[in-house]
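Data from entry.txt: compact mmCIF, C-alpha atoms
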# COMPACT_ATOMS: atom_id res chain seq x y z
CA MET Z 1 77.73 60.20 17.82
CA SER Z 2 77.09 58.24 14.66
CA THR Z 3 78.52 54.84 15.52
CA PRO Z 4 76.64 52.40 17.75
CA VAL Z 5 79.76 51.84 19.86
CA LEU Z 6 80.12 55.56 20.50
CA ARG Z 7 76.43 55.87 21.43
CA ARG Z 8 76.81 52.97 23.85
CA VAL Z 9 79.88 54.52 25.48
CA ILE Z 10 78.09 57.84 25.90
CA ARG Z 11 75.04 56.14 27.38
CA ARG Z 12 77.20 54.25 29.88
CA GLU Z 13 78.88 57.50 30.92
CA THR Z 14 75.69 59.52 31.30
CA HIS Z 15 73.38 56.93 32.87
CA SER Z 16 73.86 55.05 36.11
CA PRO Z 17 72.93 51.46 36.69
CA ARG Z 18 70.31 50.75 39.32
CA THR Z 19 72.78 48.78 41.42
CA VAL Z 20 71.95 50.44 44.74
CA ALA Z 21 68.17 50.07 44.32
CA MET Z 22 68.62 46.45 43.24
CA PHE Z 23 70.92 45.76 46.19
CA VAL Z 24 68.42 47.23 48.67
CA ALA Z 25 65.53 45.27 47.14
CA VAL Z 26 67.49 41.99 47.19
CA VAL Z 27 68.67 42.51 50.79
CA LEU Z 28 65.12 43.27 51.95
CA LEU Z 29 63.80 40.21 50.14
CA ILE Z 30 66.51 37.97 51.62
CA LEU Z 31 65.83 39.29 55.15
CA ALA Z 32 62.07 38.75 54.75
CA LEU Z 33 62.54 35.21 53.43
CA ALA Z 34 65.09 34.41 56.17
CA TYR Z 35 62.64 35.61 58.82
CA ILE Z 36 59.78 33.58 57.33
CA GLY Z 37 62.04 30.53 57.12
CA LEU Z 38 63.15 30.98 60.74
CA GLU Z 39 59.54 31.24 61.93
CA ILE Z 40 58.62 28.07 60.01
CA VAL Z 41 61.59 26.17 61.49
CA LEU Z 42 60.70 27.36 65.01
CA SER Z 43 57.08 26.29 64.46
CA LEU Z 44 58.15 22.84 63.22
CA ALA Z 45 60.48 22.45 66.21
CA ALA Z 46 57.61 23.33 68.58
CA GLN Z 47 59.50 26.40 69.83
CA PRO Z 48 57.92 29.79 70.60
CA ALA Z 49 57.83 32.24 67.68
CA LEU Z 50 60.06 35.30 67.58
CA LEU Z 51 57.23 37.64 66.61
CA ILE Z 52 54.33 35.66 65.17
CA GLY Z 53 54.08 32.03 64.10
CA PRO Z 54 53.08 30.95 60.59
CA ALA Z 55 49.60 29.76 61.66
CA ALA Z 56 48.88 32.95 63.58
CA ALA Z 57 50.20 35.10 60.69
CA GLY Z 58 47.98 33.22 58.21
CA GLY Z 59 44.94 33.63 60.45
CA TRP Z 60 45.70 37.33 60.90
CA LEU Z 61 45.98 37.84 57.11
CA ILE Z 62 42.70 36.01 56.47
CA GLY Z 63 40.86 37.99 59.15
CA LEU Z 64 42.51 41.34 58.31
CA PRO Z 65 39.68 42.84 56.22
CA THR Z 66 37.06 42.24 58.91
CA ALA Z 67 39.14 42.57 62.10
CA GLN Z 68 40.80 45.92 61.34
CA PRO Z 69 39.17 49.27 60.57
CA ALA Z 70 38.56 49.76 56.84
CA GLY Z 71 40.57 53.02 56.78
CA LEU Z 72 43.62 51.27 58.22
CA VAL Z 73 43.40 48.43 55.69
CA ILE Z 74 43.04 50.93 52.82
CA ALA Z 75 45.97 53.03 54.09
CA GLY Z 76 48.17 49.95 54.36
CA SER Z 77 47.16 48.87 50.87
CA VAL Z 78 47.99 52.30 49.47
CA VAL Z 79 51.43 52.27 51.14
CA LEU Z 80 52.19 48.80 49.71
CA ALA Z 81 50.97 49.90 46.26
CA LEU Z 82 53.23 53.00 46.38
CA ILE Z 83 56.23 50.87 47.32
CA GLY Z 84 55.41 48.59 44.40
CA VAL Z 85 55.11 51.54 42.00
CA ILE Z 86 58.46 52.91 43.20
CA PHE Z 87 60.15 49.57 42.54
CA ILE Z 88 58.55 49.36 39.09
CA VAL Z 89 59.68 52.90 38.20
CA LEU Z 90 63.21 52.13 39.41
CA ALA Z 91 63.23 48.97 37.33
CA ILE Z 92 62.02 50.62 34.12
CA THR Z 93 63.57 54.10 34.08
CA PRO Z 94 67.30 54.65 33.59
CA GLY Z 95 69.31 56.45 36.21
CA ARG Z 96 70.76 59.75 35.01
CA LEU Z 97 74.15 61.01 36.07
CA SER Z 98 74.81 64.72 36.39
CA LYS Z 99 76.62 64.97 33.06
CA HIS Z 100 76.01 66.46 29.63
CA VAL Z 101 77.21 65.34 26.23
CA LEU Z 102 78.94 67.94 24.06
CA ASP Z 103 79.04 67.79 20.29
CA GLY Z 104 82.64 66.69 19.79
CA GLY Z 105 82.64 66.18 16.04
CA GLY Z 106 82.51 62.39 16.02
CA ARG Z 107 84.15 62.01 19.43
CA ALA Z 108 82.59 61.26 22.77
CA VAL Z 109 82.79 64.34 24.99
CA VAL Z 110 81.03 64.02 28.35
CA VAL Z 111 81.25 66.90 30.82
CA ASP Z 112 80.12 67.01 34.44
CA ASN Z 113 77.35 69.52 35.18
CA GLY Z 114 79.54 71.16 37.83
CA VAL Z 115 82.17 72.01 35.22
CA ILE Z 116 79.55 73.61 32.98
CA ALA Z 117 78.11 75.55 35.94
CA SER Z 118 81.52 76.81 37.03
CA ALA Z 119 82.53 77.89 33.52
CA LEU Z 120 79.21 79.66 32.95
CA ALA Z 121 79.39 81.44 36.31
CA GLN Z 122 82.93 82.63 35.57
CA HIS Z 123 81.88 83.89 32.13
CA LEU Z 124 78.87 85.74 33.57
CA ALA Z 125 81.07 87.30 36.26
CA GLU Z 126 83.38 88.64 33.55
CA GLU Z 127 80.46 89.85 31.40
CA THR Z 128 78.63 91.65 34.21
CA GLY Z 129 81.66 92.88 36.14
CA LEU Z 130 80.37 91.31 39.34
CA ALA Z 131 82.41 89.21 41.75
CA ARG Z 132 82.36 85.48 41.04
CA ASP Z 133 80.79 84.89 44.48
CA SER Z 134 77.76 86.95 43.46
CA ILE Z 135 76.74 84.44 40.78
CA THR Z 136 75.41 80.96 41.43
CA VAL Z 137 74.73 78.56 38.56
CA GLY Z 138 72.99 75.20 38.79
CA VAL Z 139 72.94 72.88 35.80
CA GLY Z 140 70.32 70.14 35.52
CA HIS Z 141 69.41 67.77 32.71
CA ARG Z 142 67.00 70.19 31.07
CA THR Z 143 67.53 73.54 32.78
CA VAL Z 144 70.25 75.95 33.81
CA ASP Z 145 69.40 78.13 36.82
CA VAL Z 146 71.38 81.35 37.20
CA THR Z 147 71.07 83.42 40.36
CA VAL Z 148 72.78 86.81 40.40
CA ARG Z 149 73.13 88.90 43.57
CA PRO Z 150 74.34 92.37 42.58
CA GLY Z 151 75.17 94.86 45.28
CA ILE Z 152 72.94 97.73 46.24
CA GLY Z 153 72.67 100.29 43.47
CA ILE Z 154 74.31 98.15 40.77
CA PRO Z 155 72.07 98.21 37.68
CA LEU Z 156 71.62 94.80 36.11
CA ASP Z 157 69.08 93.70 33.52
CA LYS Z 158 67.69 90.17 33.71
CA ALA Z 159 67.35 89.92 29.91
CA ASP Z 160 71.02 90.86 29.40
CA VAL Z 161 72.16 88.18 31.84
CA ALA Z 162 69.88 85.61 30.19
CA SER Z 163 71.14 86.41 26.69
CA ALA Z 164 74.78 86.28 27.87
CA ALA Z 165 74.15 82.90 29.53
CA GLU Z 166 72.40 81.49 26.46
CA ALA Z 167 75.13 82.75 24.13
CA GLU Z 168 77.80 81.13 26.28
CA LEU Z 169 75.87 77.86 26.46
CA GLN Z 170 75.69 77.86 22.65
CA THR Z 171 79.49 77.90 22.50
CA TYR Z 172 79.62 74.73 24.65
CA ARG Z 173 77.69 72.85 21.92
CA LEU Z 174 75.54 70.78 24.27
CA ALA Z 175 73.99 67.81 22.48
CA HIS Z 176 70.60 68.44 24.16
CA ARG Z 177 69.16 71.91 24.44
CA VAL Z 178 68.68 73.28 27.95
CA ARG Z 179 66.36 76.04 29.11
CA THR Z 180 67.92 78.98 30.95
CA ARG Z 181 66.25 80.60 33.96
CA VAL Z 182 67.73 83.77 35.44
CA ARG Z 183 66.88 85.23 38.83
CA ILE Z 184 68.16 88.57 40.13
CA GLU Z 185 68.20 88.76 43.93
CA ARG Z 186 68.74 92.26 45.24
CA PRO Z 187 69.57 92.77 48.92
CA ALA Z 188 67.11 94.81 50.92
CA GLU Z 189 68.42 98.30 51.57
CA LYS Z 190 68.89 98.91 55.27
CA GLU Z 191 67.92 102.25 56.72
CA ASP Z 192 70.54 104.10 58.72
CA GLU Z 193 69.78 104.05 62.41
CA LEU Z 194 70.07 107.37 64.27

Step by step, read the file and then write its structure as structure tokens.
Amino acid sequence: MSTPVLRRVIRRETHSPRTVAMFVAVVLLILALAYIGLEIVLSLAAQPALLIGPAAAGGWLIGLPTAQPAGLVIAGSVVLALIGVIFIVLAITPGRLSKHVLDGGGRAVVVDNGVIASALAQHLAEETGLARDSITVGVGHRTVDVTVRPGIGIPLDKADVASAAEAELQTYRLAHRVRTRVRIERPAEKEDEL
């Protein structure tokens, strides 16, 4: 990943553009402006307003702090501030795709998280001798979650599974280190009914 072109290609493959968020924001803005424009045109044409006319809306906004309960005004302000913060975060932060970069020796190797999860689950099934269906692996950007469900009476050590998972992840040569979490879920033993 030494060349700028290669770094740019990898970034484009591992990060998503904010197209959907931008599309939603633009559509909402266009609808709001179209509604305001329609209300202004109806007011100028001396027609009844669809919901509220521009003069009535302006008067309502001016009288809002004194006409409405303070708790309601504060709650509305908080909701509008949260929407604004969400839009700012979406505008600033990059979208991440569910992919990891592997060290390919000067080549761009991008692998989907599902492929890594499937390969790791298959390896752990072979290492532990359990059925593939007994192992669930989830791969995130920073963590790998392994859930193992051995049958009743099958001895299985959490540390052994964790070390096997970490050793296998090392062979994948992920560009960014991930943390491995292992969970052993044992079924509750049912008592025989007489």

May I ask for the distance between atom CA of Z:Leu38 and atom CA of Z:Leu64, given in Å to one decimal place?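 Value for the atom CA of Z:Leu38-atom CA of Z:Leu64 distance: 23.2 Å.
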
Neighbours of Z:Pro4 within 12 Å (all atoms listed in the file; same-chain residues fewer than 4 positions away dropped), as JSON, numbers by chain? {"Z": [8, 9, 10, 11, 106, 108]}

At a cut-off of 9 Å, using all atoms listed in the file, what residues contact stretch 79-95 of chain Z? Leave out same-chain residues fewer than 4 positions from it and give the result as a VMD selection string. chain Z and resid 14 to 18 21 to 22 25 74 to 75

Excluding Z:Glu39 and residues on its chain fewer than 3 positions from it, collect all residues at most 10 Å away from it, counting all atoms listed in the file, and give them as a VMD selection string. chain Z and resid 33 to 36 42 to 45 47 to 54

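Note that atom CA of Z:Val27 and atom CA of Z:Ser77 are 22.4 Å apart.
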
A straight line from atom CA of Z:Val101 to atom CA of Z:Ala121 spans 19.1 Å

I need the residue nearest Z:His141 from this list: Z:Val41, Z:Leu102, Z:Leu97, Z:Val110. Use only C-alpha atoms for the distance. Z:Leu97

Box in all listed atoms of stretch 132-146 of chain Z, axis-aligned, with 3 Å more on each side; write out centre and edge lengths in Å to one decimal as JSON.
{"center_x": 74.7, "center_y": 77.4, "center_z": 37.8, "size_x": 21.4, "size_y": 25.2, "size_z": 19.4}
